[in-house]
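Structure below is input33.csv: CSV, C-alpha atoms and all ligand atoms.
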```
chain,number,residue,atom,x,y,z
A,26,MET,CA,23.5,-10.3,8.6
A,27,GLU,CA,20.2,-11.3,7.1
A,28,ARG,CA,17.4,-8.8,7.2
A,29,LEU,CA,13.9,-10.0,7.7
A,30,VAL,CA,11.4,-8.4,5.3
A,31,ILE,CA,7.7,-9.0,5.7
A,32,VAL,CA,5.5,-8.0,2.7
A,33,THR,CA,1.7,-8.0,3.0
A,34,GLY,CA,-0.2,-8.7,-0.3
A,35,ALA,CA,3.0,-10.2,-1.7
A,36,ASN,CA,1.5,-12.7,-4.1
A,37,SER,CA,0.8,-10.3,-7.0
A,38,GLY,CA,1.3,-6.9,-8.4
A,39,ILE,CA,3.6,-4.4,-6.7
A,40,GLY,CA,4.2,-6.6,-3.6
A,41,LEU,CA,5.4,-9.5,-5.7
A,42,ALA,CA,7.6,-7.1,-7.9
A,43,LEU,CA,9.1,-5.7,-4.8
A,44,CYS,CA,10.0,-9.2,-3.6
A,45,GLU,CA,11.5,-10.0,-7.0
A,46,ARG,CA,13.6,-6.8,-6.9
A,47,LEU,CA,14.8,-7.4,-3.3
A,48,LEU,CA,16.1,-10.9,-4.2
A,49,THR,CA,17.7,-9.6,-7.5
A,50,GLU,CA,19.2,-6.4,-6.3
A,51,ASP,CA,20.1,-7.0,-2.6
A,52,THR,CA,21.9,-9.7,-0.7
A,53,GLY,CA,21.0,-11.1,2.7
A,54,VAL,CA,17.3,-10.7,2.4
A,55,HIS,CA,15.0,-13.1,4.2
A,56,LEU,CA,11.5,-12.7,2.9
A,57,CYS,CA,8.2,-13.5,4.5
A,58,LEU,CA,5.2,-13.3,2.1
A,59,ALA,CA,2.1,-12.5,4.2
A,60,CYS,CA,-0.9,-13.4,2.0
A,61,ARG,CA,-4.5,-14.3,2.6
A,62,ASN,CA,-4.6,-17.0,-0.1
A,63,MET,CA,-2.0,-19.7,0.5
A,64,GLN,CA,-2.3,-21.2,-3.0
A,65,ARG,CA,-1.4,-17.9,-4.5
A,66,ALA,CA,1.3,-17.4,-1.9
A,67,GLU,CA,2.8,-20.8,-2.9
A,68,ALA,CA,2.7,-19.9,-6.5
A,69,ALA,CA,4.5,-16.6,-5.8
A,70,ARG,CA,7.2,-18.4,-3.7
A,71,SER,CA,7.7,-20.9,-6.5
A,72,ALA,CA,8.1,-18.1,-9.1
A,73,LEU,CA,10.6,-16.3,-6.8
A,74,GLN,CA,12.6,-19.4,-6.1
A,75,ALA,CA,12.6,-20.4,-9.8
A,76,SER,CA,14.5,-17.2,-10.6
A,77,HIS,CA,16.5,-17.2,-7.3
A,78,PRO,CA,17.3,-20.8,-6.3
A,79,GLY,CA,18.1,-21.1,-2.6
A,80,ALA,CA,16.4,-17.8,-1.7
A,81,HIS,CA,15.1,-17.7,1.8
A,82,VAL,CA,11.3,-17.2,1.3
A,83,ASP,CA,8.8,-18.0,4.1
A,84,LEU,CA,5.0,-17.9,3.8
A,85,LEU,CA,2.5,-16.6,6.3
A,86,GLN,CA,-1.3,-16.8,6.2
A,87,LEU,CA,-2.7,-13.3,6.8
A,88,ASP,CA,-6.0,-11.7,6.0
A,89,VAL,CA,-5.5,-8.1,7.0
A,90,GLY,CA,-9.2,-7.6,6.6
A,91,SER,CA,-9.9,-9.8,9.6
A,92,VAL,CA,-9.0,-8.9,13.2
A,93,GLN,CA,-8.7,-12.5,14.3
A,94,SER,CA,-6.4,-13.4,11.3
A,95,VAL,CA,-4.1,-10.5,12.2
A,96,LEU,CA,-3.9,-11.5,15.8
A,97,THR,CA,-3.2,-15.2,14.9
A,98,ALA,CA,-0.6,-14.2,12.2
A,99,ALA,CA,1.2,-11.9,14.6
A,100,GLN,CA,1.4,-14.6,17.2
A,101,GLU,CA,2.9,-16.9,14.6
A,102,LEU,CA,5.4,-14.2,13.6
A,103,ARG,CA,6.5,-13.6,17.2
A,104,ALA,CA,7.0,-17.4,17.6
A,105,ARG,CA,9.1,-17.6,14.4
A,106,TYR,CA,11.3,-14.5,14.4
A,107,SER,CA,13.2,-12.5,17.0
A,108,LYS,CA,13.1,-9.2,15.1
A,109,VAL,CA,11.6,-7.6,12.0
A,110,ASP,CA,13.7,-5.2,9.9
A,111,PHE,CA,11.2,-4.1,7.2
A,112,LEU,CA,7.4,-4.4,7.3
A,113,TYR,CA,5.8,-3.5,3.9
A,114,LEU,CA,2.2,-2.7,4.5
A,115,ASN,CA,1.2,-3.2,0.9
A,116,ALA,CA,-2.0,-5.3,0.7
A,117,GLY,CA,-4.9,-3.2,-0.5
A,118,ILE,CA,-8.3,-3.3,-2.1
A,119,MET,CA,-10.6,-1.1,-4.2
A,120,PRO,CA,-13.9,-3.0,-4.4
A,121,ASN,CA,-16.6,-2.3,-7.0
A,122,PRO,CA,-14.9,0.7,-8.6
A,123,GLN,CA,-17.0,3.0,-10.8
A,124,VAL,CA,-15.4,5.4,-13.3
A,125,ASP,CA,-17.3,8.7,-13.9
A,126,PHE,CA,-16.9,8.8,-17.7
A,127,LYS,CA,-18.6,12.2,-18.0
A,128,ALA,CA,-16.0,13.7,-15.6
A,129,LEU,CA,-13.2,11.9,-17.5
A,130,PHE,CA,-14.4,13.3,-20.8
A,131,LYS,CA,-14.8,16.8,-19.4
A,132,GLY,CA,-11.3,16.5,-17.7
A,133,LEU,CA,-9.7,15.6,-21.0
A,134,PHE,CA,-10.4,19.2,-22.2
A,135,SER,CA,-9.5,21.0,-19.0
A,136,ARG,CA,-6.3,22.5,-17.7
A,137,ASN,CA,-6.3,19.9,-15.0
A,138,VAL,CA,-5.9,16.9,-17.3
A,139,ILE,CA,-2.5,15.9,-16.0
A,140,HIS,CA,-3.6,16.2,-12.4
A,141,MET,CA,-6.7,14.2,-13.2
A,142,PHE,CA,-4.6,11.3,-14.7
A,143,ALA,CA,-2.1,11.5,-11.9
A,144,THR,CA,-4.6,11.4,-9.0
A,145,ALA,CA,-7.9,10.2,-10.5
A,146,GLU,CA,-9.5,13.1,-8.5
A,147,GLY,CA,-13.2,13.2,-9.3
A,148,LEU,CA,-13.1,10.1,-11.5
A,149,LEU,CA,-13.6,7.2,-9.1
A,150,THR,CA,-16.0,6.0,-6.5
A,151,GLN,CA,-16.3,2.6,-4.8
A,152,GLN,CA,-19.0,0.6,-3.0
A,153,ASP,CA,-17.8,-0.6,0.4
A,154,ARG,CA,-19.4,-3.1,2.8
A,155,VAL,CA,-19.3,-4.2,6.4
A,156,ASN,CA,-17.1,-7.2,7.2
A,157,SER,CA,-17.6,-9.9,9.8
A,158,ASP,CA,-16.0,-7.8,12.5
A,159,GLY,CA,-18.6,-5.1,11.9
A,160,LEU,CA,-16.0,-2.8,10.3
A,161,GLN,CA,-15.8,-1.2,6.9
A,162,GLU,CA,-13.9,-3.6,4.6
A,163,VAL,CA,-11.7,-1.0,2.8
A,164,PHE,CA,-10.8,0.8,6.0
A,165,THR,CA,-9.9,-2.5,7.7
A,166,THR,CA,-7.9,-4.0,4.8
A,167,ASN,CA,-6.0,-0.8,3.7
A,168,LEU,CA,-5.5,0.7,7.2
A,169,PHE,CA,-6.8,-0.8,10.4
A,170,GLY,CA,-5.6,-4.4,9.9
A,171,HIS,CA,-2.1,-3.1,9.2
A,172,PHE,CA,-2.3,-0.8,12.3
A,173,LEU,CA,-3.2,-3.8,14.4
A,174,LEU,CA,-0.3,-5.8,12.9
A,175,ILE,CA,2.2,-3.1,13.9
A,176,ARG,CA,0.8,-2.9,17.4
A,177,GLU,CA,1.0,-6.7,17.7
A,178,LEU,CA,4.6,-6.8,16.3
A,179,GLU,CA,6.0,-4.1,18.6
A,180,PRO,CA,8.2,-6.5,20.4
A,181,LEU,CA,9.8,-7.5,17.1
A,182,LEU,CA,9.9,-3.9,15.6
A,183,CYS,CA,10.9,-1.9,18.7
A,184,GLN,CA,14.3,-3.1,20.0
A,185,SER,CA,17.0,-1.0,21.6
A,186,ASP,CA,19.8,-2.2,19.4
A,187,HIS,CA,18.3,-1.8,15.9
A,188,THR,CA,15.9,0.3,13.8
A,189,SER,CA,12.9,-1.0,11.9
A,190,SER,CA,11.0,0.4,9.0
A,191,VAL,CA,7.3,0.1,8.2
A,192,ILE,CA,6.4,1.2,4.7
A,193,TRP,CA,2.9,1.9,3.6
A,194,THR,CA,1.8,1.6,-0.1
A,195,SER,CA,-0.3,4.7,-0.2
A,196,SER,CA,-1.5,6.4,-3.4
A,197,SER,CA,-1.7,9.7,-5.3
A,198,ASN,CA,-5.5,9.1,-4.9
A,199,ALA,CA,-5.1,9.8,-1.1
A,200,ARG,CA,-7.1,13.1,-0.6
A,201,ARG,CA,-7.8,15.1,2.5
A,202,SER,CA,-11.3,16.0,1.4
A,203,ALA,CA,-12.2,12.3,1.1
A,204,PHE,CA,-11.3,11.8,4.8
A,205,SER,CA,-13.2,12.9,7.9
A,206,LEU,CA,-12.2,12.5,11.6
A,207,GLU,CA,-15.9,12.2,12.3
A,208,ASP,CA,-16.1,9.1,10.0
A,209,ILE,CA,-12.7,7.5,9.9
A,210,GLN,CA,-14.1,4.3,8.4
A,211,HIS,CA,-15.8,6.3,5.6
A,212,LYS,CA,-19.2,4.7,6.3
A,213,GLU,CA,-21.0,7.7,4.7
A,214,GLY,CA,-19.1,8.6,1.6
A,215,LYS,CA,-18.3,7.0,-1.8
A,216,GLU,CA,-14.5,7.2,-1.8
A,217,PRO,CA,-13.4,4.7,0.9
A,218,TYR,CA,-10.2,4.0,-1.1
A,219,SER,CA,-9.1,7.6,-1.2
A,220,SER,CA,-10.1,8.0,2.5
A,221,SER,CA,-8.2,4.9,3.6
A,222,LYS,CA,-5.0,6.0,1.7
A,223,TYR,CA,-5.2,9.5,3.2
A,224,ALA,CA,-5.6,7.9,6.6
A,225,SER,CA,-2.4,5.9,6.0
A,226,ASP,CA,-0.5,9.1,5.3
A,227,LEU,CA,-1.8,10.6,8.6
A,228,LEU,CA,-1.1,7.5,10.5
A,229,SER,CA,2.5,7.2,9.2
A,230,LEU,CA,3.2,10.7,10.6
A,231,ALA,CA,1.7,9.8,14.0
A,232,LEU,CA,3.7,6.6,14.1
A,233,ASN,CA,6.9,8.5,13.6
A,234,GLN,CA,6.0,10.9,16.3
A,235,HIS,CA,5.1,8.2,18.8
A,236,MET,CA,7.6,5.5,18.0
A,237,ASN,CA,10.8,6.9,16.5
A,238,ASN,CA,12.2,7.0,20.1
A,239,GLN,CA,11.7,3.2,20.2
A,240,GLY,CA,13.6,2.7,16.9
A,241,LEU,CA,10.5,2.3,14.6
A,242,TYR,CA,10.3,4.5,11.5
A,243,SER,CA,7.3,4.8,9.2
A,244,SER,CA,7.3,5.9,5.5
A,245,VAL,CA,4.7,6.3,2.8
A,246,VAL,CA,5.0,5.4,-0.8
A,247,CYS,CA,3.0,6.1,-4.0
A,248,PRO,CA,3.8,3.5,-6.7
A,249,GLY,CA,2.2,5.6,-9.5
A,250,MET,CA,-0.4,4.2,-11.8
A,251,VAL,CA,0.4,0.5,-12.2
A,252,MET,CA,-1.3,-2.2,-14.2
A,253,THR,CA,-2.1,-4.8,-11.6
A,254,ASN,CA,-5.2,-6.9,-10.6
A,255,LEU,CA,-6.4,-3.8,-8.8
A,256,THR,CA,-6.4,-1.6,-11.9
A,257,TYR,CA,-7.6,-4.4,-14.2
A,258,GLY,CA,-10.7,-4.5,-11.9
A,259,ILE,CA,-11.5,-0.8,-12.7
A,260,LEU,CA,-12.3,-1.3,-16.4
A,261,PRO,CA,-12.9,-4.3,-18.6
A,262,PRO,CA,-9.6,-6.0,-19.8
A,263,PHE,CA,-10.4,-5.3,-23.5
A,264,PHE,CA,-10.7,-1.6,-22.7
A,265,TRP,CA,-7.3,-1.5,-21.1
A,266,THR,CA,-5.8,-3.3,-24.1
A,267,LEU,CA,-7.4,-0.7,-26.3
A,268,ILE,CA,-6.1,2.3,-24.4
A,269,MET,CA,-2.6,0.9,-23.7
A,270,PRO,CA,-1.0,2.9,-26.4
A,271,ILE,CA,-2.6,6.1,-24.9
A,272,MET,CA,-1.2,5.1,-21.5
A,273,TRP,CA,2.3,5.0,-22.9
A,274,LEU,CA,1.7,8.3,-24.6
A,275,ILE,CA,0.4,9.8,-21.3
A,276,ARG,CA,3.8,8.8,-19.7
A,277,LEU,CA,5.4,11.5,-21.9
A,278,PHE,CA,3.4,14.1,-20.0
A,279,THR,CA,3.2,12.7,-16.5
A,280,ASN,CA,6.0,10.6,-14.8
A,281,THR,CA,3.4,9.1,-12.5
A,282,PHE,CA,2.3,6.5,-15.1
A,283,THR,CA,4.8,3.9,-14.0
A,284,ILE,CA,2.6,1.2,-15.6
A,285,THR,CA,4.7,-2.0,-14.8
A,286,PRO,CA,4.8,-3.4,-11.2
A,287,PHE,CA,8.6,-3.4,-11.5
A,288,ASN,CA,8.6,0.4,-12.0
A,289,GLY,CA,5.9,0.8,-9.4
A,290,ALA,CA,8.1,-0.9,-6.8
A,291,GLU,CA,10.9,1.6,-7.4
A,292,ALA,CA,10.2,3.8,-4.3
A,293,LEU,CA,9.5,0.7,-2.1
A,294,HIS,CA,12.8,-0.7,-3.0
A,295,TRP,CA,14.6,2.7,-2.8
A,296,LEU,CA,13.4,3.0,0.8
A,297,PHE,CA,15.0,-0.4,1.6
A,298,LEU,CA,18.4,1.1,0.8
A,299,GLN,CA,18.0,4.3,2.9
A,300,LYS,CA,18.8,5.0,6.6
A,301,PRO,CA,15.3,5.4,8.1
A,302,GLN,CA,16.5,8.3,10.2
A,303,SER,CA,17.4,10.3,7.1
A,304,LEU,CA,13.8,10.2,5.7
A,305,ASP,CA,11.2,13.0,5.9
A,306,PRO,CA,8.2,11.9,7.9
A,307,ARG,CA,6.0,14.5,6.1
A,308,SER,CA,6.9,13.4,2.6
A,309,LYS,CA,5.4,10.7,0.4
A,310,TYR,CA,8.1,8.8,-1.7
A,311,HIS,CA,6.9,8.5,-5.3
A,312,SER,CA,7.9,5.9,-7.8
A,313,LEU,CA,8.3,7.8,-11.1
A,314,THR,CA,9.1,6.8,-14.6
A,315,SER,CA,10.3,9.3,-17.2
A,316,GLY,CA,9.1,9.3,-20.8
A,317,LEU,CA,12.3,7.5,-21.7
A,318,GLY,CA,11.6,4.8,-19.2
A,319,LYS,CA,14.0,5.8,-16.5
A,320,ASN,CA,12.9,5.0,-12.9
A,321,TYR,CA,13.5,7.2,-10.0
A,322,THR,CA,12.1,8.1,-6.5
A,323,GLN,CA,11.0,11.6,-5.5
A,324,PRO,CA,9.8,12.8,-2.1
A,325,ARG,CA,6.8,15.1,-2.2
A,326,LYS,CA,5.3,16.9,0.8
A,327,MET,CA,2.0,15.4,2.0
A,328,ASP,CA,-1.1,17.5,2.9
A,329,VAL,CA,-1.0,16.3,6.5
A,330,ASP,CA,-1.1,18.1,9.9
A,331,ASP,CA,-0.1,17.1,13.4
A,332,LEU,CA,-3.4,17.5,15.1
A,333,MET,CA,-5.3,15.5,12.6
A,334,SER,CA,-2.7,12.7,12.6
A,335,LYS,CA,-2.6,12.6,16.4
A,336,THR,CA,-6.4,12.5,16.7
A,337,LEU,CA,-6.6,9.6,14.2
A,338,TYR,CA,-3.9,7.7,16.1
A,339,LEU,CA,-5.8,8.0,19.3
A,340,ASP,CA,-9.1,7.1,17.6
A,341,LEU,CA,-7.4,3.9,16.2
A,342,ILE,CA,-6.2,3.0,19.7
A,343,GLU,CA,-9.7,3.4,21.0
A,344,LEU,CA,-11.1,1.3,18.1
A,345,GLU,CA,-8.5,-1.4,18.8
A,346,LYS,CA,-9.7,-1.6,22.5
A,347,GLU,CA,-13.3,-2.0,21.3
A,348,VAL,CA,-12.5,-4.8,18.8
A,349,ARG,CA,-10.4,-6.6,21.4
A,350,ARG,CA,-13.3,-6.4,23.9
A,351,ASP,CA,-15.7,-7.8,21.3
A,352,LEU,CA,-13.5,-10.8,20.4
A,401,LIG,N1,-2.0,-0.4,-9.0
A,401,LIG,C1,-2.0,0.9,-8.8
A,401,LIG,O1,-2.0,1.8,-9.8
A,401,LIG,C2,-1.8,1.4,-7.4
A,401,LIG,C3,-1.8,0.6,-6.3
A,401,LIG,N2,-1.6,1.1,-5.1
A,401,LIG,C4,-1.6,0.2,-3.9
A,401,LIG,O2,-0.7,-0.8,-4.1
A,401,LIG,C5,-1.0,-1.9,-3.2
A,401,LIG,C6,-0.8,-3.2,-4.0
A,401,LIG,O3,-1.8,-3.2,-5.0
A,401,LIG,P1,-1.5,-3.7,-6.5
A,401,LIG,O4,-0.3,-4.5,-6.6
A,401,LIG,O5,-1.8,-2.6,-7.4
A,401,LIG,O6,-2.8,-4.7,-6.7
A,401,LIG,P2,-2.9,-6.3,-6.6
A,401,LIG,O7,-4.4,-6.5,-6.5
A,401,LIG,O8,-2.1,-7.0,-7.6
A,401,LIG,O9,-2.3,-6.6,-5.1
A,401,LIG,C7,-3.0,-6.5,-4.0
A,401,LIG,C8,-2.5,-7.5,-3.0
A,401,LIG,O10,-3.1,-7.3,-1.7
A,401,LIG,C9,-3.6,-8.6,-1.3
A,401,LIG,N3,-4.8,-8.4,-0.5
A,401,LIG,C10,-6.0,-7.8,-0.7
A,401,LIG,N4,-6.8,-7.9,0.3
A,401,LIG,C11,-6.1,-8.6,1.3
A,401,LIG,C12,-6.4,-9.0,2.6
A,401,LIG,N5,-7.5,-8.8,3.2
A,401,LIG,N6,-5.4,-9.7,3.3
A,401,LIG,C13,-4.2,-9.9,2.7
A,401,LIG,N7,-3.9,-9.6,1.5
A,401,LIG,C14,-4.8,-8.9,0.8
A,401,LIG,C15,-4.0,-9.3,-2.6
A,401,LIG,O11,-4.2,-10.6,-2.4
A,401,LIG,P3,-5.2,-11.5,-3.3
A,401,LIG,O12,-4.4,-12.0,-4.5
A,401,LIG,O13,-5.6,-12.6,-2.4
A,401,LIG,O14,-6.3,-10.7,-3.7
A,401,LIG,C16,-2.8,-8.9,-3.5
A,401,LIG,O15,-1.7,-9.8,-3.1
A,401,LIG,C17,-2.4,-1.6,-2.7
A,401,LIG,O16,-2.3,-1.2,-1.4
A,401,LIG,C18,-2.9,-0.6,-3.6
A,401,LIG,O17,-3.9,0.2,-3.0
A,401,LIG,C19,-1.4,2.4,-4.9
A,401,LIG,C20,-1.4,3.3,-5.9
A,401,LIG,C21,-1.6,2.9,-7.3
A,402,LIG,C1,-7.4,7.2,-21.5
A,402,LIG,C2,-7.2,6.6,-20.2
A,402,LIG,C3,-5.8,6.4,-19.8
A,402,LIG,C4,-8.3,6.3,-19.5
A,402,LIG,C5,-8.2,5.7,-18.1
A,402,LIG,C6,-9.0,6.5,-17.2
A,402,LIG,C7,-9.0,6.0,-15.7
A,402,LIG,C8,-9.6,4.7,-15.6
A,402,LIG,C9,-7.6,6.1,-15.1
A,402,LIG,C10,-7.1,7.6,-15.1
A,402,LIG,C11,-6.3,7.8,-13.8
A,402,LIG,C12,-6.1,6.4,-13.3
A,402,LIG,C13,-5.7,6.2,-11.9
A,402,LIG,C14,-6.1,5.1,-11.1
A,402,LIG,C15,-7.0,4.1,-11.7
A,402,LIG,C16,-7.4,4.3,-13.2
A,402,LIG,C17,-7.5,5.8,-13.6
A,402,LIG,C18,-8.7,6.3,-12.8
A,402,LIG,C19,-5.7,4.9,-9.7
A,402,LIG,C20,-6.8,5.4,-8.9
A,402,LIG,C21,-5.5,3.4,-9.3
A,402,LIG,C22,-5.2,3.2,-7.9
A,402,LIG,C23,-4.5,4.3,-7.2
A,402,LIG,O1,-4.1,4.1,-6.1
A,402,LIG,C24,-4.1,5.5,-7.9
A,402,LIG,C25,-4.4,5.6,-9.4
A,402,LIG,C26,-4.4,7.0,-9.9
A,402,LIG,C27,-4.7,7.1,-11.3
```
Represent the structure from my file as structure tokens, please.
Ligand SMILES: NC(=O)C1=CN([C@@H]2O[C@H](COP(=O)(O)OP(=O)(O)OC[C@H]3O[C@@H](n4cnc5c(N)ncnc54)[C@H](OP(=O)(O)O)[C@@H]3O)[C@@H](O)[C@H]2O)C=CC1
Ligand SMILES: CC(C)=CCC[C@@H](C)[C@H]1CC[C@H]2C3=C(CC[C@]12C)[C@@]1(C)CCC(=O)C[C@@H]1CC3
Amino acid sequence: MERLVIVTGANSGIGLALCERLLTEDTGVHLCLACRNMQRAEAARSALQASHPGAHVDLLQLDVGSVQSVLTAAQELRARYSKVDFLYLNAGIMPNPQVDFKALFKGLFSRNVIHMFATAEGLLTQQDRVNSDGLQEVFTTNLFGHFLLIRELEPLLCQSDHTSSVIWTSSSNARRSAFSLEDIQHKEGKEPYSSSKYASDLLSLALNQHMNNQGLYSSVVCPGMVMTNLTYGILPPFFWTLIMPIMWLIRLFTNTFTITPFNGAEALHWLFLQKPQSLDPRSKYHSLTSGLGKNYTQPRKMDVDDLMSKTLYLDLIELEKEVRRDL
């Protein structure tokens, strides 16, 4: 039987590579590319169908950064499909990133150099802004829009006769110290990306605790450090070209430098092949690539606790009520 797989942010990078891998490596996949820009979505579909003639690929207009767009897209999905098997919550942004070159240089000569390259801890800040819903843009795109989508798709995800999986593309940059329950949107700080990714780790745990009994399972993935539009936005392109040999060299010391979107999609694809009941709700599934270029998936325990995750879940439900009231 065909399995319906929805991928947000499917028109480029890791999302597009995942779609390519699903069509190449699996049979009976019905894809729905959920993208904000329909021209880019069309281009992605054409590329997928050029390499997989006859592949079942639908498009859906979805801007996860806009409450109204999520509600309209969910309504469309409920009209089109009777169930969803996999929902990849992959769309994400890192606006106006700034690299702290002083910290980078200092880190190069410290014992933490591998950790620094794997997580970018202490290296990156971003400048966020408020969107037209009055919400922080990074929080809405990376977390809240996806949360709302899950809530809206409950009738398709939670069915008595089958299980469904929601899979978050989180990051090694997710860090507890960047997140605060007093400021879940990260209005105050300078690391909204790190905060939003940590929030997705917490939320995934809460979703498992609240929804496993309805057949919905949530998992978290880290794709590693991948060269995509997102990373190309961090430094000027010529700089990346210049340091590319160093990047391949770094891979000899840290398996988190997956570098290509194909490699980065490893854990996302691996999860497609697993029974959701067999997965650990407290682990993040990492795409890793060895120095010799071998891809594999490894679960690593997340720095999350039950009380924090439950509190965030309840805060998000409250926020959802508020935004619905304001529509
Ligand atoms: N690259 C890396 O090293 C890492 C990436 N990640 C995560 O991987 C995910 C995919 O990013 P990646 O492939 O790297 O980067 P890309 O920029 O290539 O892909 C991001 C995708 O998200 C889409 N998107 C952004 N904002 C919205 C929105 N409001 N509504 C709908 N779609 C949107 C983009 O669409 P559009 O083309 O219209 O902008 C694009 O398709 C992100 O969540 C990112 O945080 C995590 C760890 C490391
Ligand atoms: C010599 C060399 C490789 C310099 C690059 C330094 C930095 C720009 C990178 C070092 C670690 C990278 C990293 C990311 C972005 C680029 C770096 C900061 C991410 C934050 C990209 C998005 C993520 O979700 C996690 C990545 C962690 C590592």
Could you produce a table of the residues of chain A lying within 7 Å of ligand LIG 401 (chain A), with the nearest pair of atoms per residue and their separation in Å rounded to one decimal, using only C-alpha atoms and all ligand atoms, ordered by chain and increasing residue number, as a Markdown table?
```
| residue | atom | partner | partner_atom | distance |
| --- | --- | --- | --- | --- |
| A:Thr33 | CA | A:LIG401 | N7 | 6.0 |
| A:Gly34 | CA | A:LIG401 | O15 | 3.4 |
| A:Ala35 | CA | A:LIG401 | O15 | 4.9 |
| A:Asn36 | CA | A:LIG401 | O15 | 4.4 |
| A:Ser37 | CA | A:LIG401 | O8 | 4.4 |
| A:Gly38 | CA | A:LIG401 | O4 | 3.4 |
| A:Ile39 | CA | A:LIG401 | O4 | 3.9 |
| A:Gly40 | CA | A:LIG401 | O4 | 5.8 |
| A:Ala59 | CA | A:LIG401 | C13 | 7.0 |
| A:Cys60 | CA | A:LIG401 | C13 | 4.9 |
| A:Arg61 | CA | A:LIG401 | C13 | 4.4 |
| A:Asn62 | CA | A:LIG401 | O13 | 5.1 |
| A:Arg65 | CA | A:LIG401 | O12 | 6.6 |
| A:Leu87 | CA | A:LIG401 | C13 | 5.5 |
| A:Asp88 | CA | A:LIG401 | N6 | 3.4 |
| A:Val89 | CA | A:LIG401 | N6 | 4.0 |
| A:Gly90 | CA | A:LIG401 | N5 | 4.0 |
| A:Ser91 | CA | A:LIG401 | N5 | 6.9 |
| A:Asn115 | CA | A:LIG401 | O16 | 4.6 |
| A:Ala116 | CA | A:LIG401 | O10 | 3.3 |
| A:Gly117 | CA | A:LIG401 | O16 | 3.4 |
| A:Ile118 | CA | A:LIG401 | C10 | 5.2 |
| A:Met119 | CA | A:LIG401 | O17 | 6.9 |
| A:Thr166 | CA | A:LIG401 | N5 | 5.1 |
| A:Asn167 | CA | A:LIG401 | O16 | 6.3 |
| A:Thr194 | CA | A:LIG401 | O16 | 5.1 |
| A:Ser195 | CA | A:LIG401 | C19 | 5.3 |
| A:Ser196 | CA | A:LIG401 | C20 | 4.0 |
| A:Ser197 | CA | A:LIG401 | C20 | 6.4 |
| A:Cys247 | CA | A:LIG401 | C20 | 5.6 |
| A:Pro248 | CA | A:LIG401 | C20 | 5.3 |
| A:Gly249 | CA | A:LIG401 | C21 | 5.2 |
| A:Met250 | CA | A:LIG401 | O1 | 3.5 |
| A:Val251 | CA | A:LIG401 | O1 | 3.6 |
| A:Met252 | CA | A:LIG401 | N1 | 5.5 |
| A:Thr253 | CA | A:LIG401 | O8 | 4.6 |
| A:Asn254 | CA | A:LIG401 | O7 | 4.2 |
| A:Leu255 | CA | A:LIG401 | O7 | 4.1 |
| A:Thr256 | CA | A:LIG401 | N1 | 5.4 |
| A:Pro286 | CA | A:LIG401 | O4 | 7.0 |
```
Using all atoms listed in the file, find the one residue out of A:Ser244, A:Asn198, A:Ser135, A:Gln299 that sits nearest to ligand LIG 402 (chain A). A:Asn198
With 9 Å as the cut-off and only C-alpha atoms counted, what is the closest atom pair between each nearby residue of segment 218-266 of chain A and segment 170-193 of chain A? Distances in Å to one decimal, ordered by chain and number, as JSON lines.
```
{"residue": "A:Ser225", "atom": "CA", "partner": "A:Trp193", "partner_atom": "CA", "distance": 7.1}
{"residue": "A:Asp226", "atom": "CA", "partner": "A:Trp193", "partner_atom": "CA", "distance": 8.1}
{"residue": "A:Leu228", "atom": "CA", "partner": "A:Phe172", "partner_atom": "CA", "distance": 8.6}
{"residue": "A:Ser229", "atom": "CA", "partner": "A:Trp193", "partner_atom": "CA", "distance": 7.7}
{"residue": "A:Met236", "atom": "CA", "partner": "A:Cys183", "partner_atom": "CA", "distance": 8.1}
{"residue": "A:Asn237", "atom": "CA", "partner": "A:Thr188", "partner_atom": "CA", "distance": 8.8}
{"residue": "A:Gln239", "atom": "CA", "partner": "A:Cys183", "partner_atom": "CA", "distance": 5.4}
{"residue": "A:Gly240", "atom": "CA", "partner": "A:Thr188", "partner_atom": "CA", "distance": 4.5}
{"residue": "A:Leu241", "atom": "CA", "partner": "A:Ser189", "partner_atom": "CA", "distance": 4.9}
{"residue": "A:Tyr242", "atom": "CA", "partner": "A:Ser190", "partner_atom": "CA", "distance": 4.9}
{"residue": "A:Ser243", "atom": "CA", "partner": "A:Val191", "partner_atom": "CA", "distance": 4.8}
{"residue": "A:Ser244", "atom": "CA", "partner": "A:Ile192", "partner_atom": "CA", "distance": 4.9}
{"residue": "A:Val245", "atom": "CA", "partner": "A:Trp193", "partner_atom": "CA", "distance": 4.8}
{"residue": "A:Val246", "atom": "CA", "partner": "A:Trp193", "partner_atom": "CA", "distance": 6.0}
{"residue": "A:Cys247", "atom": "CA", "partner": "A:Trp193", "partner_atom": "CA", "distance": 8.7}
```
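Remark: for Arg200 of chain A, the closest of the candidate residues A:Val329, A:Tyr106, A:Phe278, A:Val92 is A:Val329 (distances computed over all atoms listed in the file).
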Selected residue of minimal separation from Gln210 of chain A among A:Glu45, A:Glu291, A:Asp83, A:Asp153, counting only C-alpha atoms: A:Asp153
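Restricting the calculation to all atoms listed in the file, the smallest distance between Phe169 of chain A and any of A:Thr97, A:Arg154, A:Leu344, A:Ala128 is found for A:Leu344.
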With distances taken over all atoms listed in the file, which of A:His294, A:Gln100, A:Ser202, A:Gln234 is nearest to Leu41 of chain A?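 Nearest to Leu41 of chain A: A:His294.
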In terms of the shortest atom-to-atom distance over all atoms listed in the file, which of A:Glu213, A:Glu67, A:Asp328, A:Glu207 is closest to Asp340 of chain A?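 Closest residue, counting all atoms listed in the file: A:Glu207.
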Near Ser76 of chain A, within 12 Å and counting all atoms listed in the file, which residues show up once chain neighbours fewer than 3 positions away are dropped, as number ranges by chain? A: 44-46, 48-49, 69-73, 79-80
